[in-house]
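What's in protein-v7.txt: compact mmCIF, C-alpha atoms
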# COMPACT_ATOMS: atom_id res chain seq x y z
CA MET A 1371 14.73 -35.24 11.16
CA PRO A 1372 11.40 -36.71 9.94
CA HIS A 1373 11.33 -37.43 6.21
CA TYR A 1374 8.89 -34.60 5.46
CA PHE A 1375 11.64 -32.12 6.25
CA ASP A 1376 13.31 -33.23 3.01
CA ALA A 1377 10.43 -31.61 1.14
CA LEU A 1378 10.78 -28.43 3.18
CA ARG A 1379 14.52 -28.30 2.54
CA GLN A 1380 13.85 -28.70 -1.19
CA LEU A 1381 11.37 -25.82 -1.09
CA ARG A 1382 13.95 -23.69 0.70
CA ASP A 1383 16.58 -24.61 -1.91
CA ASP A 1384 14.13 -23.79 -4.70
CA LEU A 1385 13.57 -20.34 -3.19
CA GLU A 1386 17.34 -19.83 -3.01
CA THR A 1387 17.83 -20.90 -6.63
CA ALA A 1388 15.04 -18.62 -7.84
CA GLY A 1389 16.41 -15.69 -5.85
CA ASN A 1390 13.24 -15.50 -3.77
CA ARG A 1391 14.61 -16.44 -0.36
CA ARG A 1392 13.64 -13.61 1.96
CA GLU A 1393 16.44 -11.84 3.79
CA PHE A 1394 15.82 -8.73 5.85
CA LEU A 1395 17.92 -5.80 6.90
CA GLU A 1396 17.43 -5.12 10.59
CA VAL A 1397 16.30 -1.48 10.83
CA GLY A 1398 15.92 0.42 14.08
CA ARG A 1399 13.72 3.47 13.63
CA LEU A 1400 14.76 6.40 15.83
CA ALA A 1401 11.85 8.27 17.39
CA GLY A 1402 11.91 11.90 16.37
CA ARG A 1403 14.67 11.42 13.78
CA PHE A 1404 12.98 9.46 10.99
CA PRO A 1405 14.01 8.86 8.15
CA ALA A 1406 17.30 8.44 10.05
CA ALA A 1407 17.64 4.93 11.42
CA LEU A 1408 20.15 2.35 12.60
CA SER A 1409 20.81 -0.82 10.64
CA ASN A 1410 22.33 -3.99 12.02
CA CYS A 1411 24.13 -6.04 9.39
CA ASP A 1412 26.20 -8.96 10.70
CA GLY A 1413 26.14 -7.41 14.14
CA VAL A 1414 27.63 -4.11 12.95
CA PRO A 1415 25.40 -1.05 13.60
CA ALA A 1416 25.37 1.74 11.02
CA ASP A 1417 23.55 5.01 10.46
CA ILE A 1418 21.22 4.89 7.45
CA SER A 1419 18.48 6.92 5.79
CA VAL A 1420 15.28 5.03 4.94
CA TRP A 1421 13.74 5.64 1.48
CA CYS A 1422 11.29 2.75 1.21
CA SER A 1423 9.02 3.13 4.23
CA ASN A 1424 5.23 3.21 3.95
CA ASP A 1425 5.15 5.66 6.86
CA TYR A 1426 4.78 8.24 4.11
CA LEU A 1427 3.97 11.26 6.28
CA GLY A 1428 6.07 10.39 9.32
CA MET A 1429 3.02 10.03 11.56
CA GLY A 1430 4.60 7.01 13.23
CA GLN A 1431 6.95 9.56 14.81
CA HIS A 1432 4.49 12.41 15.37
CA PRO A 1433 4.53 13.74 18.96
CA GLY A 1434 0.71 13.79 19.16
CA VAL A 1435 0.49 10.16 18.09
CA LEU A 1436 3.19 9.06 20.53
CA ALA A 1437 1.56 10.99 23.39
CA ALA A 1438 -1.84 9.44 22.70
CA MET A 1439 -0.31 5.96 22.71
CA ARG A 1440 1.66 6.57 25.91
CA ASP A 1441 -1.36 7.93 27.75
CA THR A 1442 -3.61 5.07 26.65
CA LEU A 1443 -0.97 2.47 27.43
CA THR A 1444 -0.82 3.78 30.98
CA GLU A 1445 -4.61 3.90 31.19
CA SER A 1446 -5.56 0.59 29.50
CA GLY A 1447 -2.48 -1.63 29.45
CA ALA A 1448 -0.81 -3.40 26.55
CA GLY A 1449 -3.44 -5.60 24.94
CA ALA A 1450 -7.13 -5.53 24.07
CA GLY A 1451 -7.90 -8.64 26.10
CA GLY A 1452 -9.51 -10.67 23.34
CA SER A 1453 -11.47 -10.49 20.13
CA ARG A 1454 -14.01 -7.73 19.67
CA ASN A 1455 -16.79 -10.31 20.07
CA ILE A 1456 -15.65 -11.56 23.47
CA ALA A 1457 -13.72 -9.10 25.59
CA GLY A 1458 -11.78 -6.82 23.31
CA THR A 1459 -14.01 -3.92 22.25
CA ASN A 1460 -12.69 -0.71 23.76
CA ALA A 1461 -13.88 2.89 23.68
CA TRP A 1462 -10.90 3.73 21.45
CA HIS A 1463 -12.07 1.24 18.82
CA VAL A 1464 -15.51 2.83 18.79
CA ARG A 1465 -14.12 6.38 18.57
CA LEU A 1466 -11.75 5.45 15.78
CA GLU A 1467 -14.47 3.74 13.74
CA ARG A 1468 -16.70 6.79 14.14
CA GLU A 1469 -13.86 9.09 12.98
CA LEU A 1470 -13.09 6.93 9.93
CA ALA A 1471 -16.75 6.82 8.91
CA GLU A 1472 -16.87 10.63 9.11
CA LEU A 1473 -13.61 10.96 7.13
CA HIS A 1474 -15.11 9.01 4.23
CA GLY A 1475 -18.65 10.34 4.50
CA LYS A 1476 -20.03 6.86 5.21
CA ALA A 1477 -22.59 5.66 7.75
CA ASP A 1478 -20.28 3.25 9.56
CA ALA A 1479 -16.80 1.75 9.64
CA LEU A 1480 -15.20 -1.44 10.94
CA LEU A 1481 -11.67 -2.01 12.20
CA PHE A 1482 -9.55 -5.05 11.37
CA SER A 1483 -6.15 -6.15 12.67
CA SER A 1484 -4.51 -5.33 9.30
CA GLY A 1485 -5.32 -4.08 5.83
CA TYR A 1486 -4.83 -7.62 4.55
CA ALA A 1487 -7.44 -8.91 7.00
CA ALA A 1488 -9.83 -6.11 6.04
CA ASN A 1489 -9.70 -6.98 2.33
CA GLU A 1490 -9.71 -10.73 2.77
CA GLY A 1491 -12.51 -10.76 5.35
CA SER A 1492 -14.74 -8.17 3.74
CA LEU A 1493 -14.53 -9.50 0.18
CA SER A 1494 -14.99 -13.11 1.24
CA VAL A 1495 -18.32 -12.04 2.76
CA LEU A 1496 -19.52 -9.43 0.28
CA ALA A 1497 -18.72 -11.43 -2.85
CA GLY A 1498 -19.50 -14.80 -1.31
CA ARG A 1499 -22.80 -14.15 0.44
CA ILE A 1500 -24.56 -12.25 -2.36
CA GLU A 1501 -26.08 -15.07 -4.39
CA GLY A 1502 -24.88 -15.19 -8.00
CA CYS A 1503 -22.48 -12.26 -7.57
CA VAL A 1504 -19.88 -11.87 -10.33
CA VAL A 1505 -16.81 -9.82 -9.45
CA PHE A 1506 -14.76 -7.67 -11.85
CA SER A 1507 -11.24 -7.20 -10.50
CA ASP A 1508 -8.18 -5.35 -11.83
CA GLU A 1509 -5.42 -7.77 -12.81
CA ARG A 1510 -2.91 -6.00 -10.52
CA ASN A 1511 -5.04 -5.89 -7.41
CA HIS A 1512 -3.27 -6.73 -4.15
CA ALA A 1513 -2.82 -10.30 -2.89
CA SER A 1514 -5.30 -9.62 -0.07
CA ILE A 1515 -7.99 -8.82 -2.66
CA ILE A 1516 -7.10 -11.91 -4.66
CA ASP A 1517 -7.32 -14.08 -1.55
CA GLY A 1518 -10.59 -12.54 -0.38
CA LEU A 1519 -12.20 -13.19 -3.76
CA ARG A 1520 -10.78 -16.71 -3.92
CA HIS A 1521 -12.17 -17.51 -0.47
CA SER A 1522 -15.54 -16.03 -1.40
CA GLY A 1523 -16.05 -18.64 -4.11
CA ALA A 1524 -17.61 -15.96 -6.33
CA GLU A 1525 -17.15 -15.99 -10.09
CA LYS A 1526 -14.42 -13.58 -11.15
CA ARG A 1527 -13.70 -11.67 -14.36
CA ILE A 1528 -10.25 -10.04 -14.46
CA PHE A 1529 -9.91 -6.81 -16.45
CA ARG A 1530 -6.65 -5.46 -17.82
CA HIS A 1531 -4.87 -3.07 -15.50
CA ASN A 1532 -6.56 0.33 -15.36
CA ASP A 1533 -8.42 -0.47 -18.60
CA ALA A 1534 -11.95 0.87 -18.15
CA ALA A 1535 -12.94 -0.11 -21.69
CA HIS A 1536 -12.03 -3.74 -21.02
CA LEU A 1537 -13.94 -3.61 -17.72
CA GLU A 1538 -17.03 -2.43 -19.56
CA GLU A 1539 -16.65 -5.14 -22.21
CA LEU A 1540 -16.63 -7.80 -19.49
CA ILE A 1541 -19.66 -6.31 -17.72
CA VAL A 1542 -21.64 -6.06 -20.97
CA ALA A 1543 -20.92 -9.75 -21.63
CA ALA A 1544 -22.25 -10.78 -18.20
CA ASP A 1545 -25.87 -11.67 -17.44
CA PRO A 1546 -27.63 -8.32 -16.79
CA ALA A 1547 -29.67 -9.89 -14.00
CA ARG A 1548 -26.68 -11.03 -11.94
CA PRO A 1549 -25.40 -8.90 -9.03
CA LYS A 1550 -22.09 -7.28 -9.94
CA MET A 1551 -19.17 -5.94 -7.94
CA ILE A 1552 -16.18 -3.95 -9.22
CA VAL A 1553 -13.00 -4.12 -7.12
CA THR A 1554 -10.08 -1.78 -7.71
CA GLU A 1555 -7.32 0.05 -5.92
CA SER A 1556 -6.83 3.79 -6.27
CA VAL A 1557 -3.02 4.05 -6.02
CA TYR A 1558 -1.19 0.86 -6.97
CA SER A 1559 1.58 -0.05 -4.55
CA MET A 1560 4.19 -1.36 -7.00
CA ASP A 1561 3.68 0.81 -10.10
CA GLY A 1562 2.56 3.98 -8.32
CA ASP A 1563 -0.11 4.67 -10.94
CA ILE A 1564 -3.70 5.72 -10.26
CA ALA A 1565 -6.86 3.96 -11.41
CA PRO A 1566 -9.33 5.79 -13.71
CA LEU A 1567 -11.83 6.09 -10.89
CA ALA A 1568 -14.22 8.49 -12.64
CA GLN A 1569 -14.61 6.06 -15.56
CA ILE A 1570 -15.01 3.10 -13.21
CA ALA A 1571 -17.67 4.95 -11.21
CA ALA A 1572 -19.54 5.80 -14.42
CA ILE A 1573 -19.49 2.14 -15.50
CA ALA A 1574 -20.75 1.07 -12.10
CA ARG A 1575 -23.64 3.54 -12.35
CA ARG A 1576 -24.49 2.45 -15.86
CA TYR A 1577 -24.72 -1.25 -15.00
CA GLY A 1578 -25.86 -1.08 -11.39
CA ALA A 1579 -22.64 -2.54 -9.93
CA MET A 1580 -21.52 -2.34 -6.33
CA THR A 1581 -18.01 -0.89 -5.94
CA PHE A 1582 -15.21 -1.77 -3.52
CA LEU A 1583 -12.31 0.71 -3.51
CA ASP A 1584 -8.97 -0.04 -1.84
CA GLU A 1585 -7.41 3.33 -0.91
CA VAL A 1586 -4.59 2.08 1.32
CA HIS A 1587 -1.88 4.06 -0.50
CA ALA A 1588 -4.05 7.17 -0.71
CA VAL A 1589 -5.82 7.73 2.62
CA GLY A 1590 -4.18 10.49 4.62
CA MET A 1591 -2.26 11.70 1.57
CA TYR A 1592 -4.80 12.73 -1.07
CA GLY A 1593 -8.13 14.48 -1.11
CA PRO A 1594 -9.82 16.84 1.35
CA GLN A 1595 -8.77 15.95 4.91
CA GLY A 1596 -6.84 12.99 3.47
CA ALA A 1597 -9.98 11.08 2.48
CA GLY A 1598 -8.36 9.59 -0.64
CA ILE A 1599 -8.32 9.80 -4.43
CA ALA A 1600 -12.08 9.34 -4.89
CA ALA A 1601 -12.71 12.23 -2.51
CA ASP A 1602 -10.10 14.29 -4.35
CA LEU A 1603 -12.13 13.75 -7.53
CA GLY A 1604 -15.40 14.56 -5.75
CA ILE A 1605 -16.82 11.09 -6.37
CA ALA A 1606 -16.35 9.35 -3.01
CA ASP A 1607 -20.10 8.82 -2.65
CA GLU A 1608 -20.07 6.74 -5.86
CA PHE A 1609 -18.04 3.98 -4.22
CA THR A 1610 -20.06 1.66 -2.02
CA VAL A 1611 -17.17 0.56 0.20
CA VAL A 1612 -13.89 2.34 0.87
CA MET A 1613 -11.13 0.22 2.37
CA GLY A 1614 -8.13 1.81 4.04
CA THR A 1615 -5.21 1.17 6.33
CA LEU A 1616 -3.81 2.75 9.46
CA ALA A 1617 -0.33 1.37 8.72
CA LYS A 1618 0.84 3.79 6.04
CA ALA A 1619 -0.01 7.50 6.11
CA PHE A 1620 -1.49 7.15 9.63
CA GLY A 1621 1.73 5.60 10.92
CA THR A 1622 0.40 2.79 13.15
CA THR A 1623 -1.20 -0.52 12.17
CA GLY A 1624 -4.59 -1.99 11.32
CA GLY A 1625 -7.10 -1.84 8.49
CA TYR A 1626 -10.71 -0.82 8.03
CA ILE A 1627 -13.67 -0.56 5.72
CA ALA A 1628 -16.25 2.24 5.61
CA GLY A 1629 -19.67 2.01 3.98
CA PRO A 1630 -23.43 1.66 4.48
CA ALA A 1631 -24.51 0.62 7.97
CA ASP A 1632 -26.26 -2.59 6.90
CA LEU A 1633 -23.25 -3.69 4.85
CA ILE A 1634 -20.86 -3.03 7.74
CA ASP A 1635 -23.15 -4.95 10.09
CA VAL A 1636 -23.09 -7.99 7.79
CA VAL A 1637 -19.28 -7.95 7.55
CA ARG A 1638 -19.03 -7.49 11.33
CA GLY A 1639 -21.20 -10.56 11.83
CA LEU A 1640 -19.67 -12.88 9.21
CA ALA A 1641 -16.04 -11.97 8.40
CA ARG A 1642 -13.81 -14.65 9.87
CA SER A 1643 -10.71 -12.42 9.85
CA PHE A 1644 -12.63 -10.03 12.12
CA ILE A 1645 -14.42 -12.52 14.38
CA PHE A 1646 -11.57 -14.90 15.10
CA THR A 1647 -8.69 -12.57 15.94
CA THR A 1648 -7.64 -10.40 18.84
CA ALA A 1649 -8.61 -6.75 18.62
CA LEU A 1650 -6.12 -3.95 18.09
CA PRO A 1651 -4.51 -2.84 21.38
CA PRO A 1652 -6.27 0.28 22.71
CA ALA A 1653 -3.01 2.27 22.59
CA LEU A 1654 -2.68 1.58 18.87
CA ALA A 1655 -6.27 2.62 18.25
CA ALA A 1656 -5.71 5.81 20.22
CA GLY A 1657 -2.54 6.59 18.27
CA ALA A 1658 -4.31 5.96 14.97
CA LEU A 1659 -7.17 8.21 16.03
CA ALA A 1660 -4.71 11.00 16.87
CA ALA A 1661 -3.10 10.59 13.43
CA VAL A 1662 -6.42 10.63 11.57
CA ARG A 1663 -7.59 13.72 13.44
CA HIS A 1664 -4.30 15.53 12.88
CA LEU A 1665 -4.28 14.84 9.13
CA ARG A 1666 -7.93 15.85 8.77
CA GLY A 1667 -6.88 19.29 9.97
CA SER A 1668 -3.40 19.64 8.46
CA ASP A 1669 -2.29 19.92 4.83
CA GLU A 1670 1.35 20.54 5.76
CA GLU A 1671 2.43 16.90 5.52
CA ARG A 1672 0.56 16.33 2.24
CA THR A 1673 2.16 19.44 0.73
CA ARG A 1674 5.68 18.28 1.65
CA LEU A 1675 4.96 14.80 0.28
CA ARG A 1676 3.80 16.19 -3.07
CA ALA A 1677 6.79 18.54 -3.29
CA ASN A 1678 9.32 15.78 -2.64
CA ALA A 1679 7.65 13.37 -5.06
CA THR A 1680 7.45 16.00 -7.82
CA LEU A 1681 11.09 16.93 -7.29
CA MET A 1682 12.23 13.32 -7.52
CA HIS A 1683 10.14 12.76 -10.66
CA ARG A 1684 11.83 15.77 -12.28
CA LEU A 1685 15.36 14.78 -11.23
CA LEU A 1686 14.97 11.19 -12.43
CA HIS A 1687 13.52 12.34 -15.74
CA ALA A 1688 16.44 14.74 -16.22
CA ARG A 1689 18.94 11.91 -15.67
CA ARG A 1690 16.94 9.50 -17.84
CA ILE A 1691 16.60 6.97 -15.03
CA PRO A 1692 13.44 5.02 -15.92
CA PHE A 1693 10.54 4.70 -13.51
CA LEU A 1694 7.03 3.38 -13.93
CA SER A 1695 4.73 6.30 -13.12
CA ASP A 1696 4.83 9.94 -12.09
CA GLN A 1697 1.21 9.96 -10.88
CA SER A 1698 1.87 9.47 -7.17
CA HIS A 1699 4.39 9.49 -4.34
CA ILE A 1700 5.38 5.85 -5.06
CA ILE A 1701 8.34 6.00 -7.44
CA SER A 1702 9.25 2.58 -8.83
CA VAL A 1703 12.65 2.80 -10.50
CA LEU A 1704 12.62 0.20 -13.26
CA VAL A 1705 15.73 -2.01 -13.25
CA GLY A 1706 14.27 -5.05 -15.01
CA ASP A 1707 16.75 -7.56 -13.63
CA ASP A 1708 16.78 -9.27 -10.24
CA ALA A 1709 20.53 -9.42 -9.73
CA ALA A 1710 21.04 -5.82 -10.86
CA SER A 1711 18.26 -4.46 -8.64
CA ARG A 1712 19.77 -6.23 -5.63
CA ARG A 1713 23.24 -4.94 -6.51
CA ILE A 1714 22.05 -1.35 -6.81
CA SER A 1715 20.23 -1.65 -3.47
CA ASP A 1716 23.37 -3.07 -1.82
CA LEU A 1717 25.65 -0.34 -3.20
CA LEU A 1718 23.31 2.45 -2.14
CA LEU A 1719 23.42 1.07 1.39
CA GLU A 1720 27.14 0.29 1.54
CA ARG A 1721 28.40 3.52 -0.01
CA HIS A 1722 25.77 6.10 0.85
CA GLY A 1723 23.84 4.75 3.84
CA ILE A 1724 20.68 4.84 1.70
CA TYR A 1725 18.22 2.02 2.30
CA VAL A 1726 15.80 1.28 -0.53
CA GLN A 1727 14.52 -2.23 -1.10
CA ALA A 1728 14.80 -4.14 -4.36
CA ILE A 1729 11.47 -5.74 -5.31
CA ASN A 1730 11.33 -9.00 -7.26
CA ALA A 1731 8.87 -11.79 -8.07
CA PRO A 1732 6.23 -12.56 -6.90
CA SER A 1733 5.61 -8.94 -5.88
CA VAL A 1734 6.35 -7.87 -9.45
CA PRO A 1735 6.60 -9.99 -12.62
CA GLN A 1736 9.99 -11.40 -13.57
CA GLY A 1737 11.77 -8.95 -15.84
CA ARG A 1738 10.04 -6.02 -14.17
CA GLU A 1739 12.18 -5.79 -11.01
CA ILE A 1740 12.20 -2.38 -9.37
CA LEU A 1741 13.60 -0.25 -6.60
CA ARG A 1742 10.47 0.93 -4.79
CA VAL A 1743 11.32 4.45 -3.66
CA ALA A 1744 9.04 6.43 -1.35
CA PRO A 1745 10.19 10.02 -0.82
CA GLY A 1746 8.06 11.05 2.13
CA ALA A 1747 7.08 14.20 3.92
CA VAL A 1748 9.97 13.62 6.34
CA HIS A 1749 12.70 13.80 3.69
CA SER A 1750 14.48 17.08 2.95
CA THR A 1751 14.92 18.72 -0.44
CA ASP A 1752 18.68 18.22 -0.10
CA GLY A 1753 18.04 14.59 0.73
CA VAL A 1754 16.04 14.07 -2.46
CA HIS A 1755 18.84 15.62 -4.51
CA GLY A 1756 21.41 13.47 -2.70
CA PHE A 1757 19.41 10.30 -3.27
CA VAL A 1758 19.15 10.87 -7.03
CA GLU A 1759 22.85 11.80 -7.31
CA ALA A 1760 23.83 8.59 -5.50
CA LEU A 1761 21.49 6.48 -7.63
CA ASP A 1762 22.73 8.11 -10.84
CA SER A 1763 26.37 7.41 -10.00
CA ILE A 1764 25.66 3.71 -9.41
CA TRP A 1765 23.40 3.57 -12.48
CA ARG A 1766 26.29 4.90 -14.57
CA GLU A 1767 28.82 2.56 -12.98
CA LEU A 1768 26.68 -0.52 -13.69
CA ASP A 1769 25.77 0.76 -17.17
CA GLN A 1770 22.04 0.44 -16.58
CA ARG A 1771 19.54 1.21 -19.32
CA ARG A 1772 18.42 4.85 -19.59
CA SER A 1773 15.06 6.24 -20.64
CA PRO A 1774 14.72 7.79 -24.12
CA ALA A 1775 16.04 11.34 -24.17
CA SER A 1776 12.80 12.73 -25.59
CA ARG A 1777 10.80 11.56 -22.57
CA ALA A 1778 13.32 12.99 -20.12
CA THR A 1779 13.42 16.34 -21.92
CA ALA A 1780 9.64 16.61 -22.15
CA SER A 1781 9.15 15.83 -18.48
CA ALA A 1782 12.07 17.67 -16.91
CA THR A 1783 10.18 20.83 -16.00
CA PRO A 1784 8.74 21.13 -12.48

Target format structure tokens, applied to this file:
Amino acid sequence: MPHYFDALRQLRDDLETAGNRREFLEVGRLAGRFPAALSNCDGVPADISVWCSNDYLGMGQHPGVLAAMRDTLTESGAGAGGSRNIAGTNAWHVRLERELAELHGKADALLFSSGYAANEGSLSVLAGRIEGCVVFSDERNHASIIDGLRHSGAEKRIFRHNDAAHLEELIVAADPARPKMIVTESVYSMDGDIAPLAQIAAIARRYGAMTFLDEVHAVGMYGPQGAGIAADLGIADEFTVVMGTLAKAFGTTGGYIAGPADLIDVVRGLARSFIFTTALPPALAAGALAAVRHLRGSDEERTRLRANATLMHRLLHARRIPFLSDQSHIISVLVGDDAASRRISDLLLERHGIYVQAINAPSVPQGREILRVAPGAVHSTDGVHGFVEALDSIWRELDQRRSPASRATASATP
């Protein structure tokens, strides 16, 4: 082996020592039966129930989505044939962009190959091409936002997580003449908490700042027709750009932004992650379109999601199992130790066929390790009860820390 492989082996060993070497459970989703799935561990198949999927509403299994994809696959073939700039733009891309713009009440929308590409490409252009722009970003914003802002070269000011007062302090301290952009998420993917969007919008109005809102863990699930948290609050028009994904509530893959036509045109013309990559396959775009249209007209899935999340919040509170936030459907059970979180995850799988992933650094800070639980619309009420009973039995066995009794008692009512 060439000598430079010694450095790679050392990096691999460092990951192993730090507990950050990535190992994956092979999961085979079963069409029409999700959250039931098959796992393959050491070549041994087993029936499991998935509790950590981002397919929150089960749209990746919805008959209308599958039919749209099958029909378009037969009609258009497997791939898009190239980037959107060369040979890849398809009628399904255009229809989906039009639907997403309508969903968010914006003039236009633009598809990307992933949510990561949408954030990285859009922010690198919007922050980087507006001369003198200073960006105010929440300290817990996603890696794709961090990378987009880094690649933009724009000056950044980081405000404390969900701290609108600190955001305003930083804006007041900036040169009033400089262009300003505020970047935040609505629902945070690891903590499950929700940003103070009304306060952020008011600050943006007061100081003339552009706003970029990442709603990836909210679109489809919150607000009228699934338009997100800002729409739920009636303030969607106060956010310049809404960014979303097709890979979570809409059950397929891809990302997008929606906003003013001129802004979208600039990103379309300059974003490298859009220009230099192959377009989404037409069948995926057709499936995503079917999912968006279904969820614009149906509250059934959102109602089930809310009911299951609320039930799990109540059951965990009653058993004094700590978790980070009860504001959303993302329920991050706080373990606070890497080895313990992995052990709990392993025991849930081995004994109960329950798959929920332990999350460690760098996704969360060391000492804040979690089990990221996502009770979705596809789970049953009995399943939620069974999950909490199984978790509680392992929690007791491993003598894990409990929440204060006063908090559990105060929050135990539905």

Do you know which residues are at most 8 Å from A:Ala1438 counting all atoms listed in the file, after dropping those on the same chain fewer than 4 positions away, and could you put them as a short mmCIF file (atom, residue, chain, number, x, y, z; two decimals) with C-alpha atoms, in the coordinates of the input?
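Wrote part39.cif, looks like this:
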data_model
loop_
_atom_site.label_atom_id
_atom_site.label_comp_id
_atom_site.auth_asym_id
_atom_site.auth_seq_id
_atom_site.Cartn_x
_atom_site.Cartn_y
_atom_site.Cartn_z
CA GLY A 1434 0.71 13.79 19.16
CA THR A 1442 -3.61 5.07 26.65
CA ALA A 1653 -3.01 2.27 22.59
CA ALA A 1656 -5.71 5.81 20.22
CA GLY A 1657 -2.54 6.59 18.27
CA ALA A 1660 -4.71 11.00 16.87
#

Quiz item: What would the list of residues within 8 Å of (-15.0, -10.3, 12.9) (file frame) look like as a list in words, if all atoms listed in the file are what count?
Solution: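 Those residues lying close to the given coordinates are Arg1454, Asn1455, Phe1482, Gly1491, Val1637, Arg1638, Gly1639, Leu1640, Ala1641, Arg1642, Ser1643, Phe1644, Ile1645, Phe1646 and Thr1647 of chain A.
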
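Within the 10 Å cut-off around A:Arg1499, using only C-alpha atoms and omitting residues fewer than 2 positions from it on the same chain, the listed residues are Leu1493, Ser1494, Val1495, Leu1496, Ala1497, Glu1501, Gly1502, Cys1503, Ser1522, Gly1523, Ala1524, Val1636 and Leu1640 of chain A.
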
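Residues within 6 Å of A:Val1586, counting all atoms listed in the file and excluding same-chain residues fewer than 3 positions away, are Val1589, Gly1614 and Thr1615 of chain A.
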
Self-check item: Polymer residues at most 10 Å from A:Phe1582, only C-alpha atoms, same-chain spacing of 2 or more positions, as a ChimeraX atom specification
Solution: /A:1489,1492-1493,1496,1507,1551-1555,1579-1580,1584-1585,1609-1613,1627,1629

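In this model, the gap between atom CA of A:Tyr1558 and atom CA of A:Arg1575 comes to 23.2 Å.
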
Practice problem: Compile the contact shell of A:Val1703 as a VMD selection string: residues with an atom at most 12 Å away, counting all atoms listed in the file, same-chain residues fewer than 2 positions apart removed. | Solution: chain A and resid 1422 1560 to 1562 1682 to 1683 1686 to 1687 1690 to 1696 1700 to 1701 1705 to 1707 1711 1714 to 1715 1726 to 1729 1738 to 1744 1758 1761 to 1762 1765 1770 to 1773

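Of note, atom CA of A:Ala1600 and atom CA of A:Leu1567 are spaced 6.8 Å apart.
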
Quiz item: Please, what distance in Å, to one decimal, runs between atom CA of A:Asp1425 and atom CA of A:Ala1487?
Solution: 19.3 Å

Quiz prompt | Selected residue of minimal separation from A:Gly1485 among A:Ala1617, A:Ile1564, A:Leu1768, A:Ala1775, counting all atoms listed in the file | solution =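 Smallest distance to A:Gly1485 is found for A:Ala1617.
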
Self-check item: From A:Arg1468, A:Arg1379, A:Lys1618, A:Arg1391, residue lying nearest A:Arg1663 [all atoms listed in the file]
Solution: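 Nearest to A:Arg1663: A:Arg1468.
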
Exercise. Determine the nearest neighbour of A:Ile1599 from the options A:Leu1408, A:Ala1572, A:Ala1619, A:Ala1565, counting all atoms listed in the file.
Key: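 The closest residue to A:Ile1599 is A:Ala1565.
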
Quiz item: Closest to A:Pro1566 among A:Ile1541, A:Val1662, A:Leu1603, A:Ala1649, using all atoms listed in the file?
Solution: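 Under the stated criterion, the closest residue is A:Leu1603.
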
Exercise. May I ask which of the residues A:Leu1675, A:Glu1720, A:His1463, A:Ala1655 is the closest one to A:Arg1440, counting only C-alpha atoms?
Key: A:Ala1655
